[in-house]
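Participant: Before anything else, here's the structure in question.
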Amino acid sequence: MTPRRRLAGIGAFTLTSALLLSACGGGSGDDPEAANEGPSTGIVTVSNGEPQNPLIPTMTNETYGSKVISNIFAGLVYYDAEGQVHNEMAESIESEDNQTWTITLKDGWTFTDGTPVTAQSYVDAWNYGAKLSNKQNLSYFFEPIEGFSYDKDSELTGLTVVSDTEFTVKLNQPESDFPMRLGYAAFMPLPESFFDDPKAAGETPVGNGPYKVETWEHNSLIELRPNEDYKGERTVQNGGVDLMAYTEEDTAYNDLLGGSLDIVTNVPSSSFATFEDELGERAVNQPSAVIQVINVPEYVKEFQGEAGTLRREAISMAIDRDQITETIYNGSRTPATDFTSPVIDGWTEELPGNEVLKYDAAAAKKLWDEAEAMDPVGADFTLQIASNADSDHQTWVDAVCNNVRSALEIGCEFDPYPTFDEFLDARDNDAISGIFRGGWQADYPAMSNFLGPIYGTGAGSNDMGYSNKEFDAKLKEGNGAETPEQAIEAYKEAQTILLEDMPGIPLWYQNVTAGYSEAVDNVVFGWDSDPLLYQVTKSE
Amino acid sequence: MLWYLGRRLLQLIPVFLGATLLLYGLVFLRPGDPVAGLGGERGLPEAVQEQIRQQYNLDEPFIVQYLLFLKGVFTLDFGVDFRGREITEVIAQALPVTFQLAMMALVIEAVFGLTFGLIAGMRKGGWFDGTVLVISLLVIAVPTFVMGFVLQFVVGVELGWLPVTAGRDPDFYTLLLPAIVLAATSFAYVVRLTRTSVAENLSADYVRTARAKGLRRTQVNGRHVLRNSLIPVVTFLGADLGNLMGGAVVTEGIFNINGVGGTLYDAIIRGENVTVVSLTTVLVIVYIAANLVVDLLYAALDPRIRYA
């Protein structure tokens, strides 16, 4: 077996829907142009919100903007609904050692301004994204590339343009999942015009994806229209997409019921109990790459040492995940059995050691008592569960607290922070007095993305201060693995270590809860919780 | 009169300075670090955060930040918000639609409130009075968001009489339902104010005199009762315009109107001091202007009041 790996592009899945639709689209006869333009010509309206940043790929770290970026840019690879990686602009992505990667591009691609997409477009874009003084939100994605610096402006010396259609990437260390990341917004190419005026380009972006931005009316709507010059496999099956800005999920849902909106990407929690009845087959409720956990800071003394570990396990086993996901979330959450997500390759329900994630009040109480025998905190101890209170977290915290109180016979209360940034501030400054909420949405569909950034020693989101050399070694083993299967094995073993140490207590995976109108067909939500807009069909 | 107007306009200056300083101080005291929140759960690299803080002067002490803000006000250059949009543009987009909504609500509450209040006051203790009393109590008791969602669902989704949301180009028709919701609470107050005032004035000496002179009933009611009863109502309406403009957060959210309320809420959550203070300052000025108009109206309503 050779260590050489290659990502093969498979793009046949859109064909079936295309064939099916040409039949109904052509039959209407109202619009003579409809037949020429493709199977369906309706404009699909989708609930969204105002992007939080300019429409620059390396700035886009939130869902409103990424719905635009992922549709107007085409990177080296793209993800299908299941999170499988397919080549988009890449002809091949190859490496002998998982450290130096040779990337060749398909020829003949252009940006919507007519200029060609070349290896230089990628190298310039990545350098722009990585440069400190450009203040790009996603700059840390370039950290693995040689030459990256957090402290000063520096060039990514690991990037070398070989020809118009080939460049090489040298990483600081082997990273087996590097190709899987390349479909993420940070790694998109940029046209030359971008660098002349990034500010203007953030307002009217020029991309190479299946769609282009026609207009952007701030706080109101973004019109995406098919890009005729797009050469990839994400063939557009509709006349365009209007992303409508909503500030309230309830409002968007009412618009869907009222018939003025085609796709709602988030069903409001007030309708969790009823939306599947109201929408029938047009309701979407499937796991996504989002996990909710309770993190345990290492600096809180009740959770240190051997007694601390027992307490972590006791709390975990005191939580009745099945009941909470059913009664509070009406099945729109799935109880967690690991630290990743069911939509990720390698996920399993049978991770060794995951019994601690199963509800067992008696066993929990026993563990807590054992800990008390070693290092007592007393019966009047009150567990604080911290979270930001500017979105709906109190409900589940109260439910978890009820579990904890009745199973462990200790106090438990919600420790609210008014805004998210105050909450982050407290986390960064080790000022949380108990355990705290953590949530993670994967950037790219890989196990490593759920582990390294959160539990790795010194990692950006490791606000617990967790550090375990064995765990770090397993991560490294996974990163340098020769095959994806070997990597997955290493990441599973890494998770088993997490289950022993419990730096975080996995709660549940968040489902995509969404719905669509009778006017649209072929609505599929992907692993990343977003609908695959290009394949939605709507006749006029 | 002109002298009075000039003096009132001069008063704007200390009010403006005081209001902005106070507002800036309050927003500054908001705990947390807005820049830290920009990166979501993952956070931004420290060096990037530092650069952003420099760009928005967030690393400067309070008074320097405030003076820089004032400089922005006088040069009409408020800078850009965290999304990179010109703040003047943000305000210019949010203000007109909210103003239209607030004016519509004001007209609705004034017209219906005065009419109903007048009739109820004239027939104090009658069945109309009783019904209006119950309705106004009910409207005051039901929170705006409940009324908003119920009306949206019943009138918009179920009956389909009016649009569910205002959409991208709000006009009179699409803003009608939100304006009704927004006006509801104030409408109840206007009804009750007018009713009490009318009832009181009906037994006033000058009304008895007017009747004794043999004036017709409509003349007495129109010229004497209503005109005098208007003073407290006009005071309320003037103050209410400010409330309607700044307090439409809930209504705007429910009907997806892209106005001041939503923008302000968003800016507070994101900790964007300059946007919050700029927008609020505009509201303060609207409030002051509305009150000035009210004061001038007093003179028109009550001959005893004259401004020199």
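Please note that chains go A, B, ... in the order of the structure tokens, that every chain numbers its residues from 1, and that ligands are numbered from 1 in the order shown.
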What are the nearest atom pairs, with distances in Å to one decimal, for all residues of chain B that come at most 9 Å from chain A, using only C-alpha atoms, set out by chain and rising residue number as a Markdown table?

Facilitator:
```
| residue | atom | partner | partner_atom | distance |
| --- | --- | --- | --- | --- |
| B:Pro31 | CA | A:Glu422 | CA | 6.3 |
| B:Gly32 | CA | A:Glu422 | CA | 3.8 |
| B:Asp33 | CA | A:Asp421 | CA | 5.7 |
| B:Pro34 | CA | A:Asp421 | CA | 5.9 |
| B:Val35 | CA | A:Asp421 | CA | 7.8 |
| B:Ala36 | CA | A:Asp421 | CA | 5.9 |
| B:Gly37 | CA | A:Asp421 | CA | 4.3 |
| B:Leu38 | CA | A:Asp421 | CA | 8.0 |
| B:Gly39 | CA | A:Asn137 | CA | 6.7 |
| B:Gly40 | CA | A:Asn61 | CA | 7.8 |
| B:Glu41 | CA | A:Trp440 | CA | 7.0 |
| B:Arg42 | CA | A:Ser461 | CA | 5.3 |
| B:Gly43 | CA | A:Ser461 | CA | 7.0 |
| B:Leu44 | CA | A:Asn137 | CA | 6.2 |
| B:Pro45 | CA | A:Tyr140 | CA | 7.0 |
| B:Glu46 | CA | A:Tyr150 | CA | 8.1 |
| B:Ala47 | CA | A:Tyr150 | CA | 6.3 |
| B:Val48 | CA | A:Lys135 | CA | 5.1 |
| B:Gln49 | CA | A:Lys135 | CA | 7.9 |
| B:Gln51 | CA | A:Lys135 | CA | 6.7 |
| B:Ile52 | CA | A:Lys135 | CA | 7.0 |
| B:Phe82 | CA | A:Asn53 | CA | 7.4 |
| B:Arg83 | CA | A:Asn53 | CA | 4.5 |
| B:Gly84 | CA | A:Pro54 | CA | 6.5 |
| B:Arg85 | CA | A:Pro54 | CA | 8.4 |
| B:Val90 | CA | A:His218 | CA | 8.7 |
| B:Gln93 | CA | A:His218 | CA | 8.7 |
| B:Phe149 | CA | A:Thr251 | CA | 8.5 |
| B:Gln152 | CA | A:Asn254 | CA | 8.0 |
| B:Phe153 | CA | A:Asn254 | CA | 7.0 |
| B:Gly156 | CA | A:Gly258 | CA | 7.0 |
| B:Val157 | CA | A:Gly258 | CA | 4.6 |
| B:Glu158 | CA | A:Gly258 | CA | 7.5 |
| B:Gly160 | CA | A:Gly258 | CA | 7.5 |
| B:Pro163 | CA | A:Gly258 | CA | 8.5 |
| B:Val164 | CA | A:Asp255 | CA | 6.0 |
| B:Thr165 | CA | A:Asp255 | CA | 6.9 |
| B:Gly167 | CA | A:Ser220 | CA | 7.7 |
| B:Arg168 | CA | A:Ser220 | CA | 5.6 |
| B:Asp169 | CA | A:Ser220 | CA | 8.9 |
| B:Glu252 | CA | A:Thr247 | CA | 8.9 |
| B:Gly253 | CA | A:Thr247 | CA | 5.9 |
| B:Ile254 | CA | A:Thr251 | CA | 5.6 |
| B:Phe255 | CA | A:Thr251 | CA | 6.5 |
| B:Asn256 | CA | A:Tyr246 | CA | 5.9 |
| B:Ile257 | CA | A:Tyr246 | CA | 8.6 |
| B:Asn258 | CA | A:Asn219 | CA | 6.3 |
| B:Gly262 | CA | A:Thr247 | CA | 7.5 |
| B:Thr263 | CA | A:Asn219 | CA | 9.0 |
| B:Ile269 | CA | A:Thr419 | CA | 6.8 |
| B:Arg270 | CA | A:Asp421 | CA | 8.2 |
| B:Gly271 | CA | A:Asp421 | CA | 8.9 |
```

Participant: Show which residues sit within 12 Å of Val294 (chain B), as number ranges by chain. Count only C-alpha atoms, and ignore same-chain residues fewer than 3 positions away.

Facilitator: B: 230-241, 287-291, 297-301

Participant: Those selected residues, please, written with N, CA and C atoms and delivered as a PDB file, in the first residue's frame.

Facilitator:
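out02.pdb, written as the output of this step:
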```pdb
ATOM      1  N   LEU B 230     -57.216  68.554  25.213  1.00  0.00           N
ATOM      2  CA  LEU B 230     -56.088  68.080  24.405  1.00  0.00           C
ATOM      3  C   LEU B 230     -54.741  68.257  25.093  1.00  0.00           C
ATOM      4  N   ILE B 231     -54.651  69.225  26.010  1.00  0.00           N
ATOM      5  CA  ILE B 231     -53.329  69.547  26.554  1.00  0.00           C
ATOM      6  C   ILE B 231     -52.589  68.340  27.144  1.00  0.00           C
ATOM      7  N   PRO B 232     -53.189  67.607  28.075  1.00  0.00           N
ATOM      8  CA  PRO B 232     -52.453  66.439  28.586  1.00  0.00           C
ATOM      9  C   PRO B 232     -52.201  65.394  27.508  1.00  0.00           C
ATOM     10  N   VAL B 233     -53.152  65.248  26.572  1.00  0.00           N
ATOM     11  CA  VAL B 233     -53.001  64.234  25.527  1.00  0.00           C
ATOM     12  C   VAL B 233     -51.834  64.584  24.606  1.00  0.00           C
ATOM     13  N   VAL B 234     -51.758  65.867  24.233  1.00  0.00           N
ATOM     14  CA  VAL B 234     -50.668  66.290  23.356  1.00  0.00           C
ATOM     15  C   VAL B 234     -49.318  66.097  24.052  1.00  0.00           C
ATOM     16  N   THR B 235     -49.265  66.405  25.336  1.00  0.00           N
ATOM     17  CA  THR B 235     -48.034  66.173  26.082  1.00  0.00           C
ATOM     18  C   THR B 235     -47.622  64.708  25.980  1.00  0.00           C
ATOM     19  N   PHE B 236     -48.599  63.850  26.178  1.00  0.00           N
ATOM     20  CA  PHE B 236     -48.313  62.422  26.115  1.00  0.00           C
ATOM     21  C   PHE B 236     -47.847  62.004  24.730  1.00  0.00           C
ATOM     22  N   LEU B 237     -48.549  62.487  23.694  1.00  0.00           N
ATOM     23  CA  LEU B 237     -48.206  62.090  22.326  1.00  0.00           C
ATOM     24  C   LEU B 237     -46.797  62.542  21.957  1.00  0.00           C
ATOM     25  N   GLY B 238     -46.451  63.751  22.393  1.00  0.00           N
ATOM     26  CA  GLY B 238     -45.116  64.262  22.081  1.00  0.00           C
ATOM     27  C   GLY B 238     -44.036  63.394  22.676  1.00  0.00           C
ATOM     28  N   ALA B 239     -44.223  63.053  23.942  1.00  0.00           N
ATOM     29  CA  ALA B 239     -43.234  62.197  24.591  1.00  0.00           C
ATOM     30  C   ALA B 239     -43.249  60.809  23.974  1.00  0.00           C
ATOM     31  N   ASP B 240     -44.409  60.408  23.491  1.00  0.00           N
ATOM     32  CA  ASP B 240     -44.549  59.049  22.990  1.00  0.00           C
ATOM     33  C   ASP B 240     -43.815  58.826  21.669  1.00  0.00           C
ATOM     34  N   LEU B 241     -43.655  59.901  20.887  1.00  0.00           N
ATOM     35  CA  LEU B 241     -42.961  59.735  19.606  1.00  0.00           C
ATOM     36  C   LEU B 241     -41.567  59.160  19.845  1.00  0.00           C
ATOM     37  N   TYR B 287     -36.586  63.394  20.178  1.00  0.00           N
ATOM     38  CA  TYR B 287     -37.351  63.553  21.413  1.00  0.00           C
ATOM     39  C   TYR B 287     -37.453  65.028  21.805  1.00  0.00           C
ATOM     40  N   ILE B 288     -36.315  65.700  21.751  1.00  0.00           N
ATOM     41  CA  ILE B 288     -36.298  67.123  22.109  1.00  0.00           C
ATOM     42  C   ILE B 288     -37.154  67.928  21.141  1.00  0.00           C
ATOM     43  N   ALA B 289     -37.009  67.615  19.844  1.00  0.00           N
ATOM     44  CA  ALA B 289     -37.769  68.346  18.836  1.00  0.00           C
ATOM     45  C   ALA B 289     -39.262  68.130  19.043  1.00  0.00           C
ATOM     46  N   ALA B 290     -39.646  66.891  19.322  1.00  0.00           N
ATOM     47  CA  ALA B 290     -41.060  66.587  19.524  1.00  0.00           C
ATOM     48  C   ALA B 290     -41.601  67.380  20.720  1.00  0.00           C
ATOM     49  N   ASN B 291     -40.793  67.476  21.765  1.00  0.00           N
ATOM     50  CA  ASN B 291     -41.242  68.204  22.944  1.00  0.00           C
ATOM     51  C   ASN B 291     -41.347  69.697  22.694  1.00  0.00           C
ATOM     52  N   LEU B 297     -47.391  73.930  20.721  1.00  0.00           N
ATOM     53  CA  LEU B 297     -48.813  73.622  20.547  1.00  0.00           C
ATOM     54  C   LEU B 297     -49.647  74.095  21.740  1.00  0.00           C
ATOM     55  N   TYR B 298     -49.033  74.072  22.927  1.00  0.00           N
ATOM     56  CA  TYR B 298     -49.749  74.540  24.116  1.00  0.00           C
ATOM     57  C   TYR B 298     -50.347  75.921  23.879  1.00  0.00           C
ATOM     58  N   ALA B 299     -49.495  76.776  23.288  1.00  0.00           N
ATOM     59  CA  ALA B 299     -49.934  78.150  23.063  1.00  0.00           C
ATOM     60  C   ALA B 299     -51.141  78.197  22.143  1.00  0.00           C
ATOM     61  N   ALA B 300     -51.146  77.314  21.181  1.00  0.00           N
ATOM     62  CA  ALA B 300     -52.269  77.285  20.253  1.00  0.00           C
ATOM     63  C   ALA B 300     -53.526  76.753  20.930  1.00  0.00           C
ATOM     64  N   LEU B 301     -53.324  75.832  21.874  1.00  0.00           N
ATOM     65  CA  LEU B 301     -54.482  75.182  22.504  1.00  0.00           C
ATOM     66  C   LEU B 301     -55.055  76.013  23.646  1.00  0.00           C
TER      67      LEU B 301
END
```

Participant: Residues at most 9 Å from Ala407 (chain A), counting only C-alpha atoms, excluding those fewer than 4 positions away in the same chain, as a compact mmCIF listing (two decimals) with N, CA and C atoms, in the first residue's frame?

Facilitator:
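The result, written out as out-v5.txt:
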```txt
# COMPACT_ATOMS: atom_id res chain seq x y z
N ILE A 315 -21.11 13.77 37.75
CA ILE A 315 -22.01 14.76 37.15
C ILE A 315 -22.49 14.26 35.79
N ALA A 318 -25.07 11.70 36.12
CA ALA A 318 -26.31 12.19 36.75
C ALA A 318 -27.24 12.83 35.74
N ILE A 319 -26.71 13.15 34.56
CA ILE A 319 -27.52 13.86 33.56
C ILE A 319 -28.29 12.87 32.69
N ASP A 360 -27.14 7.12 34.97
CA ASP A 360 -27.24 6.10 36.01
C ASP A 360 -27.10 6.81 37.35
N ALA A 361 -28.25 7.20 37.89
CA ALA A 361 -28.24 8.05 39.09
C ALA A 361 -27.57 7.37 40.27
N ALA A 362 -27.80 6.07 40.42
CA ALA A 362 -27.23 5.35 41.56
C ALA A 362 -25.71 5.32 41.47
N ALA A 364 -23.86 7.31 39.80
CA ALA A 364 -23.37 8.68 39.93
C ALA A 364 -23.20 9.05 41.40
N LYS A 365 -24.22 8.72 42.18
CA LYS A 365 -24.18 9.05 43.61
C LYS A 365 -23.02 8.31 44.29
N ASN A 402 -31.55 20.07 37.82
CA ASN A 402 -32.53 19.21 38.49
C ASN A 402 -31.99 17.79 38.62
N ASN A 403 -31.41 17.30 37.50
CA ASN A 403 -30.80 15.97 37.52
C ASN A 403 -29.73 15.87 38.59
```

Participant: For region 338-342 of chain A, find every residue with an atom within 8 Å (counting only C-alpha atoms), except residues of its own chain fewer than 4 positions away, and show them as a list in words.

Facilitator: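 After dropping sequence-adjacent residues, the list is Pro287, Ser288, Ala289, Val290, Ile291, Trp347, Thr348, Glu349, Leu351, Asn354, Met447, Phe450, Leu451, Gln495, Pro506 and Tyr509 of chain A.
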